[in-house]
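Scroll down for the structure; my scribbles are underneath it.
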Number of protein chains: 2
Amino acid sequence: MKFICFKCQKERNNSNLYCSCGGLFRPVHDFRFSSDLKSNFPYVSKWVSLGETVTPLIERQGLFLKLDYFSPTYSYKDRGSITLISSLLGKLPEGSVINEDSSGNAGASIAAYASAAGFKPNIYVPQNASEFKIRQIISYGAKIHTVQGSRENVMESCKNAPGFYASHVLRPEFRDGIRMLSYEIMEQLNWHVPDAVVMPVSAGTLLLGVIYGFRHLLNSGEISRMPQIIAVQTEFVSPLYHRMEGLQYTPPDSYVSVADALVSQSPPLLDEMYQSLKGYGKVLRVSENEIINSRNKLARSGILVEYSSAVAYAGALKLNGLRPVVILTGNGLKSPSPKSL
Amino acid sequence: MKFICFKCQKERNNSNLYCSCGGLFRPVHDFRFSSDLKSNFPYVSKWVSLGETVTPLIERQGLFLKLDYFSPTYSYKDRGSITLISSLLGKLPEGSVINEDSSGNAGASIAAYASAAGFKPNIYVPQNASEFKIRQIISYGAKIHTVQGSRENVMESCKNAPGFYASHVLRPEFRDGIRMLSYEIMEQLNWHVPDAVVMPVSAGTLLLGVIYGFRHLLNSGEISRMPQIIAVQTEFVSPLYHRMEGLQYTPPDSYVSVADALVSQSPPLLDEMYQSLKGYGKVLRVSENEIINSRNKLARSGILVEYSSAVAYAGALKLNGLRPVVILTGNGLKSPSPKSL
């Protein structure tokens, strides 16, 4: 397998963040899917492990819920951190500084895997990041750098800091790890392709990783068609929705959303998301009320997820006649519950 | 299988909480272990499910860590709730009120499973219960009743309330479900009995459930010896430690511990714990500093647990020359991390 530039198709021959043309790299899966999971990630030779497991897939009123927060740092991001951080073992000396910018879940995940691998994580966060999520990041021994300004300012500070920039957005090894989620879903469904797969979308790593996985299975002849891919965004953060609808996107000047993990107003992977989704899917938008009601409805059936994950469930409730898989991405303790309902 | 009185051995023939002699009931496993997990719980005919999974067992510096919080409500208590609540299906009408008293994790777990089963959970909590844990309980649709006074006052209020008292401490179907944890550990260790199993002990449900499981495997000829069972208590709450050492126990008038799930100063199951542990194990005590340091040490290696779980790890660090299994019982987000370390 190789990594090529999304824009000019040139192959990456080192660990550069950008191609000489300015494009970002994407993975190319020019090999057959293997039922031996690790063989599907040939760029990892030694794996860091924090106790990853097959996450549950349960059925609830016609929906399949993939509880992908049964995971070491309690969100699906661990699927990307394990491949990205593992791929650095042997390439970077022990004790190397690893920089990452994140508003929360990716920061916690990269911090945990980097510490476990013997690196020194430094996590750059926006000033409005959830204090609760920051505390989790600190627990893993990471150093926190708070950056004033926009999400893009945070990324710039992180990119320019001394150390290795292990961006979960820009480094393709992160979202490529999320392929394993698609493999796992298909195994759990006994290789019956679901009508659709529904997920929250912000920076696009989940969306692209899931598409890579299904496309790889399709190209390998393991499945005969793609599921419909349904991205769900909030009313406040919906650049992909606008792009798909051919509308100009102007983010609101300020907003407060319960979905605090979905903050990417100008995602660097927007072009790739758009190209990939055009073939297979669509984008829905959900309101704050729909998110809150969805989170409460799920919780009252015993399944407590963070609001940013309830976004996907809210989207799935709008699909009539489909039996989708809904990816629930973050543990409900990630966003503290209200005092009363 | 049957339930008999711990004191007078009389068989329970209904769902009474106490025997006519005043004793509590305990399970008797008079059947061979089956590799079909559910067959080992013949008193459950229909199972409520929230997506339980095989929890990871990972090795770290000579210790096996059982991450038993990869679980629907993020603590090992789900193993007891699933058997207790499932056993009520078909016995209680839908919509029945289910009462439970708990300072946190058991309350959340019973609330989630009861809601999922179509019952109405009412959870009785002490006035000093963690607000964070109470919010989780509320999320599952439970009604909270705050009771002034001691932990024993809370139990009395709950016991006398209208509805079914689904006590995780007094109902043997709860701790009996924890047997499955021992089965799972043995499967993961390819049936090599570990030197020891180390766990935090408060009310005793984990301790007794784990012992039931190993004893059942021993009596079924699946293993040839018991592991050493090591209970760990805090300096502030150590009734079992005192009982084992033959010392008078006087709980402190007041204390604040980071291990907020370990609060049983006069556990109703103390006699059974003492009898069971006498044969196979011992009790260690750990200090607040040891707990905090253990939690931080684990977190910096990527494994974030709640302080009450770090108690077991702190205990395990005192065992020289043994390769124990350490049961980590609660997800680290259950007790919010400090702002800095």
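Chains: A, B, ... in order of the structure tokens. Residues: from 1 per chain. Ligands: from 1, in order shown.
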
Helix (DSSP H, G or I) positions in stretch 33-151 of chain A, given as a VMD selection string: chain A and resid 37 to 40 78 to 88 105 to 116 131 to 139 151

List every residue of chain A that has an atom at most 7 Å from any atom of chain B, and for each one report the closest atom pair and its distance in Å to one decimal, counting only C-alpha atoms, with rows sorted by chain and then by increasing residue number, as a Markdown table.
```
| residue | atom | partner | partner_atom | distance |
| --- | --- | --- | --- | --- |
| A:Leu50 | CA | B:Gly302 | CA | 6.6 |
| A:Gly51 | CA | B:Pro56 | CA | 5.3 |
| A:Glu52 | CA | B:Pro56 | CA | 6.9 |
| A:Thr53 | CA | B:Pro56 | CA | 6.5 |
| A:Pro56 | CA | B:Gly51 | CA | 5.3 |
| A:Leu57 | CA | B:Gly51 | CA | 6.8 |
| A:Ile58 | CA | B:Gly51 | CA | 5.9 |
| A:Phe70 | CA | B:Phe70 | CA | 5.2 |
| A:Ser71 | CA | B:Phe70 | CA | 6.9 |
| A:Pro72 | CA | B:Ile303 | CA | 7.0 |
| A:Ala112 | CA | B:Gly302 | CA | 4.2 |
| A:Tyr113 | CA | B:Gly302 | CA | 6.2 |
| A:Ser115 | CA | B:Ser301 | CA | 5.8 |
| A:Ala116 | CA | B:Ser301 | CA | 4.7 |
| A:Arg135 | CA | B:Ser337 | CA | 5.5 |
| A:Gln136 | CA | B:Ser337 | CA | 6.3 |
| A:Ile138 | CA | B:Ser340 | CA | 6.8 |
| A:Ser139 | CA | B:Ala299 | CA | 5.7 |
| A:Tyr140 | CA | B:Arg300 | CA | 4.4 |
| A:Gly141 | CA | B:Arg300 | CA | 5.0 |
| A:Asn296 | CA | B:Ser139 | CA | 6.8 |
| A:Ala299 | CA | B:Tyr140 | CA | 4.9 |
| A:Arg300 | CA | B:Tyr140 | CA | 4.4 |
| A:Ser301 | CA | B:Ala116 | CA | 4.7 |
| A:Gly302 | CA | B:Ala112 | CA | 4.2 |
| A:Ile303 | CA | B:Pro72 | CA | 7.0 |
| A:Leu333 | CA | B:Leu333 | CA | 6.2 |
| A:Ser337 | CA | B:Arg135 | CA | 5.5 |
| A:Pro338 | CA | B:Arg135 | CA | 6.5 |
| A:Lys339 | CA | B:Arg135 | CA | 5.7 |
| A:Ser340 | CA | B:Ile138 | CA | 6.7 |
```

Would you export the selected residues with N, CA and C atoms as a compact mmCIF listing (two decimals), in the first residue's frame, please?
```txt
# COMPACT_ATOMS: atom_id res chain seq x y z
N LEU A 50 -3.46 -0.67 23.91
CA LEU A 50 -4.04 -0.28 25.20
C LEU A 50 -5.27 -1.12 25.52
N GLY A 51 -5.40 -2.26 24.87
CA GLY A 51 -6.53 -3.13 25.19
C GLY A 51 -7.73 -2.89 24.28
N GLU A 52 -7.47 -2.72 22.98
CA GLU A 52 -8.55 -2.53 22.03
C GLU A 52 -9.40 -3.81 21.96
N THR A 53 -10.65 -3.66 21.63
CA THR A 53 -11.53 -4.82 21.57
C THR A 53 -12.50 -4.67 20.42
N PRO A 56 -19.19 -3.46 20.57
CA PRO A 56 -20.50 -4.10 20.35
C PRO A 56 -21.29 -3.49 19.19
N LEU A 57 -22.05 -4.33 18.53
CA LEU A 57 -23.04 -3.89 17.54
C LEU A 57 -24.37 -4.45 18.02
N ILE A 58 -25.28 -3.58 18.40
CA ILE A 58 -26.56 -4.08 18.92
C ILE A 58 -27.71 -3.53 18.10
N PHE A 70 -16.42 1.68 23.27
CA PHE A 70 -15.88 0.63 24.14
C PHE A 70 -14.39 0.52 23.79
N SER A 71 -13.65 1.51 24.17
CA SER A 71 -12.34 1.74 23.59
C SER A 71 -11.43 2.35 24.66
N PRO A 72 -10.12 2.18 24.53
CA PRO A 72 -9.22 2.60 25.62
C PRO A 72 -9.42 4.03 26.13
N ALA A 112 -2.78 9.37 24.97
CA ALA A 112 -2.67 8.06 25.61
C ALA A 112 -1.74 7.14 24.82
N TYR A 113 -1.95 7.05 23.51
CA TYR A 113 -1.12 6.15 22.71
C TYR A 113 0.33 6.64 22.63
N SER A 115 1.94 8.40 24.95
CA SER A 115 2.58 8.08 26.23
C SER A 115 2.90 6.59 26.31
N ALA A 116 1.95 5.78 25.90
CA ALA A 116 2.15 4.33 25.97
C ALA A 116 3.31 3.89 25.08
N ARG A 135 -8.94 17.74 31.10
CA ARG A 135 -8.46 16.98 32.26
C ARG A 135 -8.11 15.55 31.89
N GLN A 136 -8.90 14.96 31.00
CA GLN A 136 -8.57 13.61 30.56
C GLN A 136 -7.21 13.60 29.86
N ILE A 138 -4.69 15.63 30.21
CA ILE A 138 -3.62 15.82 31.21
C ILE A 138 -3.32 14.51 31.94
N SER A 139 -4.38 13.75 32.22
CA SER A 139 -4.18 12.50 32.95
C SER A 139 -3.18 11.58 32.27
N TYR A 140 -3.17 11.59 30.94
CA TYR A 140 -2.28 10.69 30.21
C TYR A 140 -0.84 11.21 30.19
N GLY A 141 -0.59 12.29 30.93
CA GLY A 141 0.77 12.80 31.02
C GLY A 141 1.11 13.79 29.92
N ASN A 296 -31.09 11.84 24.94
CA ASN A 296 -31.93 11.42 26.07
C ASN A 296 -32.69 10.13 25.76
N ALA A 299 -30.24 7.31 26.06
CA ALA A 299 -29.85 7.10 27.46
C ALA A 299 -30.96 6.39 28.21
N ARG A 300 -32.20 6.76 27.93
CA ARG A 300 -33.31 6.12 28.66
C ARG A 300 -33.51 4.68 28.23
N SER A 301 -32.86 4.28 27.14
CA SER A 301 -32.89 2.86 26.79
C SER A 301 -31.61 2.18 27.27
N GLY A 302 -30.80 2.91 28.06
CA GLY A 302 -29.62 2.31 28.68
C GLY A 302 -28.31 2.58 27.96
N ILE A 303 -28.37 3.40 26.90
CA ILE A 303 -27.16 3.65 26.10
C ILE A 303 -26.78 5.12 26.18
N LEU A 333 -19.94 9.74 29.26
CA LEU A 333 -19.33 10.50 30.36
C LEU A 333 -18.41 11.58 29.82
N SER A 337 -23.53 14.96 31.94
CA SER A 337 -24.97 15.05 31.79
C SER A 337 -25.51 16.27 32.53
N PRO A 338 -26.66 16.76 32.07
CA PRO A 338 -27.29 17.85 32.81
C PRO A 338 -27.73 17.38 34.19
N LYS A 339 -27.98 18.35 35.09
CA LYS A 339 -28.38 18.00 36.45
C LYS A 339 -29.76 17.36 36.50
N SER A 340 -30.59 17.72 35.58
CA SER A 340 -31.90 17.07 35.52
C SER A 340 -32.35 17.07 34.07
```

All residues 12 Å or closer to B:Leu92, only C-alpha atoms, same chain fewer than 2 positions away omitted, as a PyMOL selection string: chain B and resi 15+85-90+94-98+114+117-120+163-166

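Interatomic distance, atom CA of B:Asn16 against atom CA of B:Asn219: 27.9 Å.
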
Those of stretch 40-215 of chain B in DSSP strand (DSSP E), formatted as a CSV table (one decimal) with N, CA, C and O atoms, in the first residue's frame:
```csv
chain,number,residue,atom,x,y,z
B,57,LEU,N,-8.0,-8.0,28.5
B,57,LEU,CA,-7.0,-8.4,29.5
B,57,LEU,C,-5.6,-8.1,28.9
B,57,LEU,O,-5.3,-8.7,27.9
B,58,ILE,N,-4.9,-7.2,29.5
B,58,ILE,CA,-3.6,-6.8,28.9
B,58,ILE,C,-2.5,-7.0,29.9
B,58,ILE,O,-2.8,-7.0,31.1
B,59,GLU,N,-1.3,-7.1,29.4
B,59,GLU,CA,-0.2,-7.4,30.3
B,59,GLU,C,0.6,-6.1,30.4
B,59,GLU,O,0.9,-5.4,29.4
B,60,ARG,N,1.0,-5.7,31.6
B,60,ARG,CA,1.8,-4.6,31.8
B,60,ARG,C,2.8,-4.9,33.0
B,60,ARG,O,2.4,-5.1,34.1
B,63,LEU,N,2.1,-7.7,35.3
B,63,LEU,CA,0.7,-7.7,35.8
B,63,LEU,C,-0.3,-7.9,34.6
B,63,LEU,O,-0.1,-7.4,33.5
B,64,PHE,N,-1.3,-8.7,34.9
B,64,PHE,CA,-2.4,-8.8,33.9
B,64,PHE,C,-3.5,-7.8,34.3
B,64,PHE,O,-4.0,-7.9,35.5
B,65,LEU,N,-3.8,-6.8,33.5
B,65,LEU,CA,-4.9,-5.9,33.8
B,65,LEU,C,-6.1,-6.2,33.1
B,65,LEU,O,-6.2,-6.4,31.9
B,66,LYS,N,-7.2,-6.5,33.9
B,66,LYS,CA,-8.5,-6.8,33.3
B,66,LYS,C,-9.3,-5.5,33.3
B,66,LYS,O,-9.8,-5.0,34.3
B,67,LEU,N,-9.5,-5.0,32.1
B,67,LEU,CA,-10.1,-3.7,31.9
B,67,LEU,C,-11.7,-3.9,31.9
B,67,LEU,O,-12.3,-3.8,30.9
B,97,VAL,N,-41.9,-0.6,39.5
B,97,VAL,CA,-40.9,0.2,40.1
B,97,VAL,C,-39.8,-0.7,40.7
B,97,VAL,O,-40.1,-1.6,41.4
B,98,ILE,N,-38.6,-0.3,40.4
B,98,ILE,CA,-37.4,-1.1,40.8
B,98,ILE,C,-36.6,-0.1,41.7
B,98,ILE,O,-36.2,1.0,41.3
B,99,ASN,N,-36.4,-0.5,43.0
B,99,ASN,CA,-35.6,0.4,43.9
B,99,ASN,C,-34.2,-0.2,44.1
B,99,ASN,O,-34.1,-1.4,44.2
B,100,GLU,N,-33.3,0.7,44.2
B,100,GLU,CA,-31.9,0.3,44.5
B,100,GLU,C,-31.2,1.5,45.2
B,100,GLU,O,-31.5,2.6,45.0
B,101,ASP,N,-30.3,1.1,46.2
B,101,ASP,CA,-29.6,2.1,46.9
B,101,ASP,C,-28.1,1.9,46.5
B,101,ASP,O,-27.6,0.8,46.5
B,120,LYS,N,-39.2,0.8,36.0
B,120,LYS,CA,-39.0,2.2,36.4
B,120,LYS,C,-38.0,2.3,37.5
B,120,LYS,O,-38.4,2.0,38.7
B,121,PRO,N,-36.8,2.6,37.2
B,121,PRO,CA,-35.8,2.6,38.3
B,121,PRO,C,-35.9,3.8,39.2
B,121,PRO,O,-36.1,5.0,38.8
B,122,ASN,N,-35.8,3.6,40.5
B,122,ASN,CA,-35.7,4.6,41.5
B,122,ASN,C,-34.4,4.4,42.3
B,122,ASN,O,-34.3,3.3,42.9
B,123,ILE,N,-33.5,5.3,42.3
B,123,ILE,CA,-32.2,5.1,43.0
B,123,ILE,C,-32.1,6.0,44.2
B,123,ILE,O,-32.2,7.2,44.1
B,124,TYR,N,-31.8,5.3,45.3
B,124,TYR,CA,-31.6,6.0,46.6
B,124,TYR,C,-30.1,6.2,46.8
B,124,TYR,O,-29.3,5.3,46.8
B,125,VAL,N,-29.7,7.5,47.1
B,125,VAL,CA,-28.3,7.8,47.2
B,125,VAL,C,-28.0,8.6,48.5
B,125,VAL,O,-28.9,9.3,49.0
B,126,PRO,N,-26.8,8.4,49.0
B,126,PRO,CA,-26.5,9.2,50.2
B,126,PRO,C,-26.3,10.7,49.8
B,126,PRO,O,-26.0,11.0,48.6
B,143,LYS,N,-35.3,7.9,38.7
B,143,LYS,CA,-35.6,9.0,39.7
B,143,LYS,C,-34.7,8.8,40.9
B,143,LYS,O,-34.4,7.7,41.3
B,144,ILE,N,-34.1,10.0,41.3
B,144,ILE,CA,-33.1,10.0,42.4
B,144,ILE,C,-33.8,10.4,43.7
B,144,ILE,O,-34.6,11.3,43.7
B,145,HIS,N,-33.5,9.6,44.8
B,145,HIS,CA,-34.0,10.0,46.1
B,145,HIS,C,-32.7,10.1,47.0
B,145,HIS,O,-32.0,9.2,47.2
B,146,THR,N,-32.5,11.4,47.5
B,146,THR,CA,-31.4,11.6,48.3
B,146,THR,C,-31.8,11.4,49.8
B,146,THR,O,-32.8,11.9,50.2
B,147,VAL,N,-31.0,10.6,50.5
B,147,VAL,CA,-31.3,10.3,51.9
B,147,VAL,C,-30.2,10.8,52.8
B,147,VAL,O,-29.0,10.6,52.6
B,164,PHE,N,-40.2,-2.9,44.0
B,164,PHE,CA,-39.3,-4.1,44.2
B,164,PHE,C,-37.9,-3.6,44.5
B,164,PHE,O,-37.3,-2.8,43.8
B,165,TYR,N,-37.4,-4.2,45.6
B,165,TYR,CA,-36.1,-3.8,46.1
B,165,TYR,C,-35.0,-4.6,45.4
B,165,TYR,O,-34.8,-5.8,45.8
B,196,ALA,N,-2.6,-14.9,41.4
B,196,ALA,CA,-3.5,-14.2,42.3
B,196,ALA,C,-4.5,-13.4,41.4
B,196,ALA,O,-4.2,-13.1,40.3
B,197,VAL,N,-5.6,-13.0,42.0
B,197,VAL,CA,-6.5,-12.1,41.5
B,197,VAL,C,-6.7,-11.0,42.5
B,197,VAL,O,-7.0,-11.3,43.7
B,198,VAL,N,-6.5,-9.7,42.1
B,198,VAL,CA,-6.5,-8.6,43.0
B,198,VAL,C,-7.6,-7.7,42.7
B,198,VAL,O,-7.9,-7.4,41.5
B,199,MET,N,-8.4,-7.2,43.7
B,199,MET,CA,-9.5,-6.4,43.4
B,199,MET,C,-9.9,-5.5,44.5
B,199,MET,O,-9.5,-5.8,45.7
B,200,PRO,N,-10.5,-4.3,44.3
B,200,PRO,CA,-11.0,-3.5,45.4
B,200,PRO,C,-12.2,-4.1,46.0
B,200,PRO,O,-13.0,-4.8,45.3
```

Residues near B:Pro268, cut-off 10 Å, only C-alpha atoms, skip fewer than 5 positions along chain, as a list in words: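 Near B:Pro268, the qualifying residues are Gly23, Leu24, Glu152, Val169, Leu170, Ala203, Gly204 and Met273 of chain B.
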
May I have the selected residues written with N, CA and C atoms, as a JSON list (two decimals), in the first residue's frame?
```
[["chain", "number", "residue", "atom", "x", "y", "z"],
["B", 23, "GLY", "N", -31.07, -14.66, 57.86],
["B", 23, "GLY", "CA", -29.86, -14.74, 57.04],
["B", 23, "GLY", "C", -30.07, -14.27, 55.61],
["B", 24, "LEU", "N", -28.97, -14.02, 54.93],
["B", 24, "LEU", "CA", -29.01, -13.66, 53.51],
["B", 24, "LEU", "C", -28.79, -14.90, 52.66],
["B", 152, "GLU", "N", -26.30, 3.15, 55.84],
["B", 152, "GLU", "CA", -27.31, 2.21, 56.31],
["B", 152, "GLU", "C", -28.71, 2.86, 56.28],
["B", 169, "VAL", "N", -26.62, -5.52, 46.71],
["B", 169, "VAL", "CA", -25.88, -6.16, 47.81],
["B", 169, "VAL", "C", -26.63, -7.38, 48.34],
["B", 170, "LEU", "N", -27.93, -7.22, 48.58],
["B", 170, "LEU", "CA", -28.66, -8.29, 49.25],
["B", 170, "LEU", "C", -29.19, -9.37, 48.29],
["B", 203, "ALA", "N", -18.61, -3.40, 49.30],
["B", 203, "ALA", "CA", -19.76, -4.20, 49.75],
["B", 203, "ALA", "C", -19.52, -5.70, 49.59],
["B", 204, "GLY", "N", -18.60, -6.07, 48.72],
["B", 204, "GLY", "CA", -18.23, -7.49, 48.60],
["B", 204, "GLY", "C", -18.81, -8.22, 47.41],
["B", 273, "MET", "N", -18.04, -12.88, 53.15],
["B", 273, "MET", "CA", -16.72, -12.50, 52.63],
["B", 273, "MET", "C", -15.62, -13.12, 53.48]]
```
